[in-house]
Amino acid sequence: MTIIDARSLDDGARLRADVCIVGAGAAGVTLALELESAARRVLLVESGGFEPDEAVQSLYDLESVGYPPRPNYMSRARYFGGSCNLWAGRCMPLQEIDLAGRAWVPNSAWPLSSSEIRRYYPRAAAILGLPAVANFDAPTHGARLTEHERALVGDVNLVPTVSLWAPKPKRFARGERRRLARVRGVQLLLHASVTSVDLDDDGDEVRSLTAKTLTGRALRLEARTFVLAAGGLETPRLLLASRDRQSPGIGNRFDLVGRYFMEHPRTVFGAVRMAPGRRLGLLRGWPLRDGKVQLGIGLSPDTQAREGLLNHYLTFEEAFSSYAEHHYQAAIEVGKVLLRRGHAGSRFELGKARRAPTVPDFIYLLSPKEILPHRLWRLVTLARHRLLSSRKERRYILVYFCEQPPLPESRVYLSRNTDCLGLNRLVLDWRIPDSVHQSLYRLQELVREALERHELGTLEPGIGVPHYTDASHHMGTTRMSESPRTGVVDRDCRVFGVRNLYVAGSAVFPSAGHANPTLTIVALSLRLAEHLRSAR
């Protein structure tokens, strides 16, 4: 791999390749490695460098006018490795019901079948360092379930969900950088922010990209094929801002670019008191030899269809007293700074550690299974399971992981304000409809009924309307479809109406279920690489 610092190039310099990929996160790096192995000359373009930088990160600043995301939280990372530099590593596959068209969830159908995506999951799991994909099947863990868990997740209206973690979260900035260093066909261009996609005179083929540096240089990037892998916010921003040949923005003939923005709303809502003698193992998280697993409790497909519900699930997490919450919050914020999780500046800016939201916003992201080194957490978990008294009542909070239906009015669009490179900033109008709340309430009620039916414990319901946090999952803004009237990219992730322009990443998701998107992002990147390798 050749590394080029764009700041060292002359103003107006040109770079050429067979394939130009914008964004060096999970999607972009996976694509680059796959295409280089097929003897393609790849130019991988990254706005930042190898370390976080405040000035570069500020290019992500946006205006929020809808449901507010977490304040002062770094949900995206603008340097090599992308947002996988921040994540805790939870992985889940999409379920068959997520991909099928559901009459009660308009605009939810994918143009791909479950089997078309699932055949890429084993390789995606290997890239992410996960246990074998068979571990995503709940029956695989049947022997590990306690009798009490078996009764709960086997209830007629409920199903178990499965989350997996690698022993360590995949950091593309480290492991894949070493892999890229060993290949010859990849040029990595750092500190170059793409500001426009430049079409030919007919407006149906990309001729080049314009990239700029914070030091004032402009570059021209030329290739036969271009892939935007800049995430669910920056990809539509770039398409909307490129208006020289297509005045509404590239791929935006039917006003769909930026629409159908989806997140995974998450909330701590209610609690469970497990009766003495009732033990949980997998529902609290369990160590595997080569990773971690946790079961959640979701709505069965039949229940979703019968009652018109969204595909939510919940997990049981440890409850904290208000005193413990206060000190846990401070410790977590210090830990995030020291570990560079959610932090773009100096790792020693600890004075900001007490300015974050309350602890429930972080429990689901930074629970012990996601903070402690795998070996230590494994020892602690096994010892705790053996030594913990089964005679005491145990209290757990309920953390909900919610599906957001695809809504055209939930969207991003361009602001009149611009960043220091002259690119319009984004306005985020995130909408969470009542159907999200109603499905949460129903899941809560069905879990309460199951706990009482099997004499496992009691559920203390949450009060009022849940307060959600975002999950840093930005999906749907260049959705995949069979037709340009209903989507931005086709089933091969090619932008409708532009022969050589593709999108990689969660922006292409037509619907999102409740699954963390990274596993599917990597799987779709492998599928796109296969398509591009076969294309002439």
# chains A, B, ... in the order shown; residues from 1 in each chain; ligands from 1
>>> closest_atom_pairs(of="range 16-81 of chain A", to="range 175-198 of chain A", cutoff="7 Å", atoms="only C-alpha atoms", output="tab-separated table")
residue	atom	partner	partner_atom	distance
A:Leu33	CA	A:Leu180	CA	6.9
A:Glu36	CA	A:Gly185	CA	5.5
A:Ala39	CA	A:Gly185	CA	6.9
A:Arg40	CA	A:Gly185	CA	6.6
A:Arg41	CA	A:Gly185	CA	4.9
A:Val42	CA	A:Val186	CA	4.7
A:Leu43	CA	A:Gln187	CA	4.9
A:Leu44	CA	A:Leu188	CA	4.8
A:Val45	CA	A:Leu189	CA	4.8
A:Glu46	CA	A:Leu190	CA	5.0
A:Ser47	CA	A:Ser193	CA	4.4
A:Gly48	CA	A:His191	CA	4.6
A:Gly49	CA	A:Leu190	CA	5.4
>>> write_last_selection(atoms="N, CA and C atoms", output="mmCIF file, in the first residue's frame")
data_model
loop_
_atom_site.group_PDB
_atom_site.id
_atom_site.type_symbol
_atom_site.label_atom_id
_atom_site.label_comp_id
_atom_site.auth_asym_id
_atom_site.auth_seq_id
_atom_site.Cartn_x
_atom_site.Cartn_y
_atom_site.Cartn_z
ATOM 1 N N LEU A 33 -9.711 -4.057 0.164
ATOM 2 C CA LEU A 33 -8.970 -5.317 0.254
ATOM 3 C C LEU A 33 -9.508 -6.358 -0.711
ATOM 4 N N GLU A 36 -8.527 -5.212 -4.397
ATOM 5 C CA GLU A 36 -7.093 -5.318 -4.676
ATOM 6 C C GLU A 36 -6.723 -6.758 -4.960
ATOM 7 N N ALA A 39 -6.780 -7.709 -8.554
ATOM 8 C CA ALA A 39 -5.852 -6.948 -9.416
ATOM 9 C C ALA A 39 -6.447 -5.619 -9.873
ATOM 10 N N ARG A 40 -7.311 -5.029 -9.068
ATOM 11 C CA ARG A 40 -7.802 -3.682 -9.348
ATOM 12 C C ARG A 40 -6.897 -2.673 -8.645
ATOM 13 N N ARG A 41 -6.599 -1.586 -9.327
ATOM 14 C CA ARG A 41 -5.886 -0.485 -8.685
ATOM 15 C C ARG A 41 -6.915 0.352 -7.932
ATOM 16 N N VAL A 42 -6.736 0.445 -6.626
ATOM 17 C CA VAL A 42 -7.743 1.060 -5.770
ATOM 18 C C VAL A 42 -7.180 2.329 -5.140
ATOM 19 N N LEU A 43 -7.963 3.398 -5.180
ATOM 20 C CA LEU A 43 -7.648 4.628 -4.467
ATOM 21 C C LEU A 43 -8.666 4.758 -3.329
ATOM 22 N N LEU A 44 -8.188 4.651 -2.095
ATOM 23 C CA LEU A 44 -9.025 4.725 -0.904
ATOM 24 C C LEU A 44 -8.836 6.107 -0.288
ATOM 25 N N VAL A 45 -9.897 6.872 -0.209
ATOM 26 C CA VAL A 45 -9.816 8.286 0.171
ATOM 27 C C VAL A 45 -10.388 8.480 1.570
ATOM 28 N N GLU A 46 -9.607 9.110 2.429
ATOM 29 C CA GLU A 46 -10.029 9.356 3.814
ATOM 30 C C GLU A 46 -9.860 10.837 4.153
ATOM 31 N N SER A 47 -10.897 11.415 4.752
ATOM 32 C CA SER A 47 -10.873 12.834 5.100
ATOM 33 C C SER A 47 -9.868 13.141 6.190
ATOM 34 N N GLY A 48 -9.671 12.203 7.128
ATOM 35 C CA GLY A 48 -8.746 12.425 8.227
ATOM 36 C C GLY A 48 -7.429 11.724 8.023
ATOM 37 N N GLY A 49 -6.720 11.521 9.132
ATOM 38 C CA GLY A 49 -5.451 10.806 9.097
ATOM 39 C C GLY A 49 -5.575 9.509 9.869
#
>>> residues_around(residues="Leu295 in chain A", least_positions_apart="2", cutoff="12 Å", atoms="only C-alpha atoms", output="ChimeraX atom specification")
/A:90,92,135-142,144-145,149-150,152-153,159-165,280-287,292-293,297-298,313-317
>>> residues_around(residues="Arg266 in chain A", least_positions_apart="4", cutoff="8 Å", atoms="only C-alpha atoms", output="ChimeraX atom specification")
/A:399-402,468-471
>>> closest_atom_pairs(of="range 69-184 of chain A", to="range 217-230 of chain A", cutoff="12 Å", atoms="only C-alpha atoms", output="Markdown table")
| residue | atom | partner | partner_atom | distance |
| --- | --- | --- | --- | --- |
| A:Arg76 | CA | A:Ala230 | CA | 10.3 |
| A:Ala77 | CA | A:Ala230 | CA | 10.6 |
| A:Arg78 | CA | A:Ala230 | CA | 9.4 |
| A:Tyr79 | CA | A:Ala230 | CA | 11.1 |
| A:Phe80 | CA | A:Ala230 | CA | 11.5 |
| A:Gly81 | CA | A:Ala230 | CA | 11.3 |
| A:Gly82 | CA | A:Ala230 | CA | 8.7 |
| A:Ser83 | CA | A:Ala230 | CA | 10.3 |
>>> residues_around(residues="Leu428 in chain A", least_positions_apart="3", cutoff="8 Å", atoms="only C-alpha atoms", output="list in words")
Leu62, Glu63, Ser64, Val65, Gly66, Arg411, Val412 and Tyr413 of chain A
>>> write_last_selection(atoms="N, CA and C atoms", output="mmCIF file, in the first residue's frame")
data_model
loop_
_atom_site.group_PDB
_atom_site.id
_atom_site.type_symbol
_atom_site.label_atom_id
_atom_site.label_comp_id
_atom_site.auth_asym_id
_atom_site.auth_seq_id
_atom_site.Cartn_x
_atom_site.Cartn_y
_atom_site.Cartn_z
ATOM 1 N N LEU A 62 -23.516 19.184 12.367
ATOM 2 C CA LEU A 62 -24.797 19.311 11.675
ATOM 3 C C LEU A 62 -25.798 20.045 12.552
ATOM 4 N N GLU A 63 -26.944 20.365 11.968
ATOM 5 C CA GLU A 63 -28.019 21.040 12.676
ATOM 6 C C GLU A 63 -29.151 20.038 12.884
ATOM 7 N N SER A 64 -29.647 19.920 14.096
ATOM 8 C CA SER A 64 -30.720 18.986 14.405
ATOM 9 C C SER A 64 -32.015 19.753 14.651
ATOM 10 N N VAL A 65 -33.079 19.366 13.914
ATOM 11 C CA VAL A 65 -34.371 20.035 14.074
ATOM 12 C C VAL A 65 -35.473 19.049 14.457
ATOM 13 N N GLY A 66 -35.160 17.758 14.531
ATOM 14 C CA GLY A 66 -36.144 16.748 14.884
ATOM 15 C C GLY A 66 -35.901 16.199 16.269
ATOM 16 N N ARG A 411 -35.488 12.560 7.817
ATOM 17 C CA ARG A 411 -34.585 12.826 6.691
ATOM 18 C C ARG A 411 -33.411 13.708 7.087
ATOM 19 N N VAL A 412 -32.469 13.822 6.153
ATOM 20 C CA VAL A 412 -31.424 14.837 6.209
ATOM 21 C C VAL A 412 -31.509 15.656 4.930
ATOM 22 N N TYR A 413 -31.171 16.924 5.043
ATOM 23 C CA TYR A 413 -31.139 17.799 3.869
ATOM 24 C C TYR A 413 -30.080 18.864 4.090
#
>>> residues_around(residues="Arg259 in chain A", least_positions_apart="6", cutoff="8 Å", atoms="only C-alpha atoms", output="PyMOL selection string")
chain A and resi 407-412+476-478
>>> residues_around(residues="Leu310 in chain A", least_positions_apart="2", cutoff="12 Å", atoms="only C-alpha atoms", output="ChimeraX atom specification")
/A:97-98,102-106,108,264,298-308,312-313,401-406,433-443,511-514
>>> write_last_selection(atoms="C-alpha atoms", output="PDB file, in the first residue's frame")
ATOM      1  CA  ILE A  97     -38.908 -10.594   8.752  1.00  0.00           C
ATOM      2  CA  ASP A  98     -36.709  -7.475   8.453  1.00  0.00           C
ATOM      3  CA  ARG A 102     -44.501  -6.141   5.796  1.00  0.00           C
ATOM      4  CA  ALA A 103     -47.945  -4.726   5.090  1.00  0.00           C
ATOM      5  CA  TRP A 104     -47.990  -3.063   8.519  1.00  0.00           C
ATOM      6  CA  VAL A 105     -44.563  -1.440   7.939  1.00  0.00           C
ATOM      7  CA  PRO A 106     -44.787   0.519   4.660  1.00  0.00           C
ATOM      8  CA  SER A 108     -39.922  -2.001   4.470  1.00  0.00           C
ATOM      9  CA  HIS A 264     -32.249   2.365  16.404  1.00  0.00           C
ATOM     10  CA  GLY A 298     -38.030 -10.130  21.181  1.00  0.00           C
ATOM     11  CA  LEU A 299     -41.483 -10.297  19.650  1.00  0.00           C
ATOM     12  CA  SER A 300     -42.200 -13.423  17.629  1.00  0.00           C
ATOM     13  CA  PRO A 301     -42.842 -12.886  13.884  1.00  0.00           C
ATOM     14  CA  ASP A 302     -46.382 -14.217  14.309  1.00  0.00           C
ATOM     15  CA  THR A 303     -47.072 -11.732  17.088  1.00  0.00           C
ATOM     16  CA  GLN A 304     -45.647  -8.877  15.035  1.00  0.00           C
ATOM     17  CA  ALA A 305     -47.827  -9.785  12.063  1.00  0.00           C
ATOM     18  CA  ARG A 306     -50.986 -10.417  14.097  1.00  0.00           C
ATOM     19  CA  GLU A 307     -50.752  -7.173  16.066  1.00  0.00           C
ATOM     20  CA  GLY A 308     -48.941  -4.938  13.571  1.00  0.00           C
ATOM     21  CA  HIS A 312     -38.135  -4.623  19.041  1.00  0.00           C
ATOM     22  CA  TYR A 313     -36.209  -6.568  21.650  1.00  0.00           C
ATOM     23  CA  PHE A 401     -33.505  -1.856  21.287  1.00  0.00           C
ATOM     24  CA  CYS A 402     -36.154  -0.583  18.891  1.00  0.00           C
ATOM     25  CA  GLU A 403     -36.861  -0.745  15.199  1.00  0.00           C
ATOM     26  CA  GLN A 404     -37.702   2.556  13.558  1.00  0.00           C
ATOM     27  CA  PRO A 405     -39.986   2.243  10.519  1.00  0.00           C
ATOM     28  CA  PRO A 406     -38.781   3.911   7.296  1.00  0.00           C
ATOM     29  CA  PRO A 433     -43.386   7.782  15.304  1.00  0.00           C
ATOM     30  CA  ASP A 434     -45.914   6.574  17.882  1.00  0.00           C
ATOM     31  CA  SER A 435     -45.656   3.033  16.493  1.00  0.00           C
ATOM     32  CA  VAL A 436     -42.220   2.778  18.148  1.00  0.00           C
ATOM     33  CA  HIS A 437     -43.723   3.574  21.567  1.00  0.00           C
ATOM     34  CA  GLN A 438     -46.726   1.299  21.049  1.00  0.00           C
ATOM     35  CA  SER A 439     -44.571  -1.679  20.086  1.00  0.00           C
ATOM     36  CA  LEU A 440     -42.361  -1.057  23.134  1.00  0.00           C
ATOM     37  CA  TYR A 441     -45.377  -0.967  25.448  1.00  0.00           C
ATOM     38  CA  ARG A 442     -46.692  -4.199  23.970  1.00  0.00           C
ATOM     39  CA  LEU A 443     -43.336  -5.974  24.308  1.00  0.00           C
ATOM     40  CA  SER A 511     -35.438  -1.062   6.575  1.00  0.00           C
ATOM     41  CA  ALA A 512     -33.377  -1.739   9.666  1.00  0.00           C
ATOM     42  CA  GLY A 513     -35.016  -4.165  12.075  1.00  0.00           C
ATOM     43  CA  HIS A 514     -33.319  -3.951  15.460  1.00  0.00           C
TER      44      HIS A 514
END
